[in-house]
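For reference, the structure is listed below as structure tokens.
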Amino acid sequence: MYDAKKIESKWQKIWEKAKLYKTKDKVAGKKNFYHLVMFPYPSGDLHIGHWYNFAPADVYARLKRMQGFNVLSPIGFDAFGLPAENAAIKNKIHPKIWTYKNIDKMRHQLKSMGNVYDFSREVITADSEYYKWTQWMFLKMYEAGLAYRKKALANWCPKDQAILANEQVIDGKCWRHPDTLVIQKEIEQWMFKITDYAEDLIDGLEKLNWPERTKLMQKNWIGKSVGAIVQFKIPNTKYQIPVFTTRPDTLFGATYLVLSPEHPLVETVIAKEQKEKVRHYITNAHLKSELERTVLEKEKTGIFTGAFAVNPVNGEKIPIWISDYVLINYGTGAIMAVPAHDERDFEFAKKFNLSIIKVINPGCDWPEDKPYTEGGLMVNSGEFTGLNSVDGRKKIIEWLKIKRLGDFSIQYKMRDWIISRQRYWGAPIPIVYCKKCGIIPVSESKLPIKLPPLKNFKPVAGGKSPLASAKSFINAKCPKCKGRAARETDTMDTFVDSSWYFLRYADLKNKKQFASKDKLKAWLPVDMYVGGAEHAVLHLLYSRFFVKALKSMGHLEFTEPFTALRHQGIILGSDGQKMSKSRGNIVDPDELVKKYGADTIRMYLCFMGEYSQGGPWNSKGILGIKRFLDRIYAKFFSLQEMSYPLRRSSSAASRDTILKSEEKLQRLLHQTIKKVGDDIENLRFNTAISALMILFNSIEKENFSKDEAKIFLKLLSPFAPHLTEELWQRIGNNPDAIKGRGYDQERRRKSIHIETWPEYNAKFIEEEEYELVIQINGKMRDKIKISKKLERPEVEKLILEREIVKKYLDGKFPQKIIFIPNRLINLVV
RNA sequence: GGGCGAGUGGCGAAAUCGGUACACGCACAACACUUAAAAUGUUGCAGUCGAAAGACUAUGAGGGUUCGAGUCCCUCCUCGCCCACCA
């Protein structure tokens, strides 16, 4: 048993003093490699999920270092956000104090992991020197027309009388009042025009080395649909209703229109006699939550406006309905209903007894009670009858275009990004409202607009930010006319802060720019990004948008922030449930470190299973790793005690056997070097560790040569940086280092963590012989060691002569012989 | 409802290209050491039958392709994640 705690804290101190992990922007002869993990929110505790993200990722970073890269592996804190404010309201402590206290604690916890982090580059998004640049980026977005103010629907909690962030809406309900359904309320908000980049965001995915499912999620989220806008005129008025459809080929089957309750033309079109009923319906629809309108409500509702529109292709008058299954946010907020070929329209038409006209021939028997939604040959479609759906779409759109009644159109599900938050603990939006001059951006030289000290952090009535009670914000000066004006009191969504933090790591201290061109060039884009899959359509999408926007404004020279991305899995409680305080199934890494040491925890997390899979926590398994490290320590300790080096010897054994076992060991060693390197590279940490175990198990019995001992420690060092450092100094007979003495430069020079990754020799891995599996009718019956040089006829002859084979063949000759060199032979009888 | 994954010993899991299923570890059992326990070490450990050699059965269920399937195809079941009236 080795004293992990003692060894680990000793080396952590020495490394820090020697600035072992300080990263220079340029090192002669080394290529830069930017390795990044998603920075944590400073909740106050580094939980096991953070460990699972950071520890194996650090193993990867260490491999890269040893492979000769100049690796930047920074860490920081996503420090703005709601929990700080809630803690402030609850415990009467300023959000800033709460946050920075947590950061101090977490920094300490992070250091206990023994990662290669360069803490001199620590980003804290709540620092005014950081959010100054967040504000600067807002101004740039504003200048470029990418930030705009608009009335938008937001989540409104009727009980709190406040706007909620999306994250505060749990299953459609207010997080603090689980019985209160959140409703949509329209208020003025700042938005980022992420939709301008919809196409770029889809295109860029292709060349990214990301998990396919993440790319797919982003693609689905952006939700591109290709179709047409079709204009439906309202007779005897100047109005027409545009609808978006992906199936213009079914236009002849459009038997009614449906408007969203929020559609701007609703009031205009309602017939007098329907007015009351329709208004009643709309009011009801507005009272419903988003959840009710989308998920919960299975049965469709709707109401006839009393008005009609004209189908442009056949001049038919069709009724205009209103229903809340049509969303105002998508397409044009109105649809043409083709009940014969759309499930929702079909359901609606059945319920309200609207006519159903088939215009696509399924080409097979199709039940009457089901709409046919696929393509086929067009029927009942005037001059277009007989075309297939694909051609029909084009032809109809062309026809509409000539008549000026429609055009091609592409729609996206993705909506613009609402960044306004009616909250205190975030970066203030650098905008001033002047009665005379209107909306005026703060000038760059005045940045940062700092958060004013406040005492009360509760949202101001009516859903306004707490900043609305700050005098300096209410009584400000207009930058243009110098007259009285008011500052924007909303702060920015914290996802804005985290959309560019990876740029700042490259040049943290820069006061003139968010980062200099040189340093950006030195490090970006990020070569490997490791973090949770839950950010697939949040942070990972927003960051891509930011980089694309900054690039088109001329501030960056690359188009994608993260060249390669990998996700770790989620660790569940030992009960298989999500870890939570209320379930009491939380695993505390601090306690584990105390009990077993960081090296053991790092390694166990790597060993648990496939990295991207996660799974339930099993505390018993740690013992296996703990034992492994104990055995290693014991072995190396004895090596040091017994005048080193000590070579395996066996007086009784013949020279031949010794040579054979030498060769075997040599092969295993080189196989392991290759396997551990390859496995870490592919984030297959579990099998890398099992390879190390196999090597140690067989080498342990035979004893180490000095070279083998060194190689073994190097291979282990990414996983167990503290233990390997200790043993490295021991086998290097460096007592000063063991005792923590010596100059910093000396310590740095002698550390195992500046060593290079061992190289394997392919010649040693290759074997002249292999084990040939002998199958009879596909079943394994025998094995035989043979030379790789043997050709097929020789092998066949050899096999057929074997007694056991003869027994199975029972005098018959195989009808077929399948021979796979280096693997198996299958005799088919 | 749609999309994407996954299902292998008592447990965490290997098997990366269609070629020996269960590597490595945990748990368990026996033995050694010990007055004893823990720790450590050694051995065993998918199931059935068998004294053993070995045979048969096994990768969620059922079918198919193949000399050969955990891996490929079809149907179904279960679980997880994401999206969800997107026209």
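Letters A, B, ... mark the chains of the structure tokens in the order given; residue numbers begin at 1 per chain; ligand numbers begin at 1, in order shown.
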Counting only C-alpha atoms (C1' of nucleotides), which residues of chain A come no farther than 7 Å from chain B, as a ChimeraX atom specification?
/A:213,244-245,294,325,330,335,413,608-609,620-621,624,690,773,777-778,780,818,824,826,828
Env of B:C22: 10 Å cut, atoms = only C-alpha atoms (C1' of nucleotides), seq-sep filter 2 positions within chain, self excluded. Answer as a ChimeraX atom specification.
/B:8-9,13-15,46,59
For the helix (DSSP H, G or I) assignment from backbone DSSP, which residues of stretch 384-432 of chain A qualify? Please present them as JSON, numbers by chain.
{"A": [384, 389, 390, 391, 392, 393, 394, 395, 396, 397, 398, 399, 400, 401, 402]}
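Proximity of B:A38, B:A52, B:C33, B:A58 to B:A21, computed with only C-alpha atoms (C1' of nucleotides), is greatest for B:A58.
With atom CA of A:Asp527 on one side and atom CA of A:Asn686 on the other, the separation reads 22.7 Å.
Atom CA of A:Asn115 is found 10.6 Å from atom CA of A:Trp15.
The space between atom CA of A:Lys150 and atom CA of A:Ser128 spans 27.4 Å.
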Excluding stretch 277-284 of chain A and any residue of its chain fewer than 5 positions from it, enumerate the residues within 10 Å of it, using only C-alpha atoms (C1' of nucleotides), and give them as a ChimeraX atom specification.
/A:260-262,266-267,270-271,301-306,321-324
Near A:Leu205, within 10 Å and counting only C-alpha atoms (C1' of nucleotides), which residues show up once chain neighbours fewer than 6 positions away are dropped, as a count of residues only?
8
Can you check which residues of stretch 387-476 of chain A DSSP gives as strand (DSSP E or B) on the backbone and send them as a PyMOL selection string?
chain A and resi 388+406-412+417-418+420-421+428+431-434+438-441+460+464+476
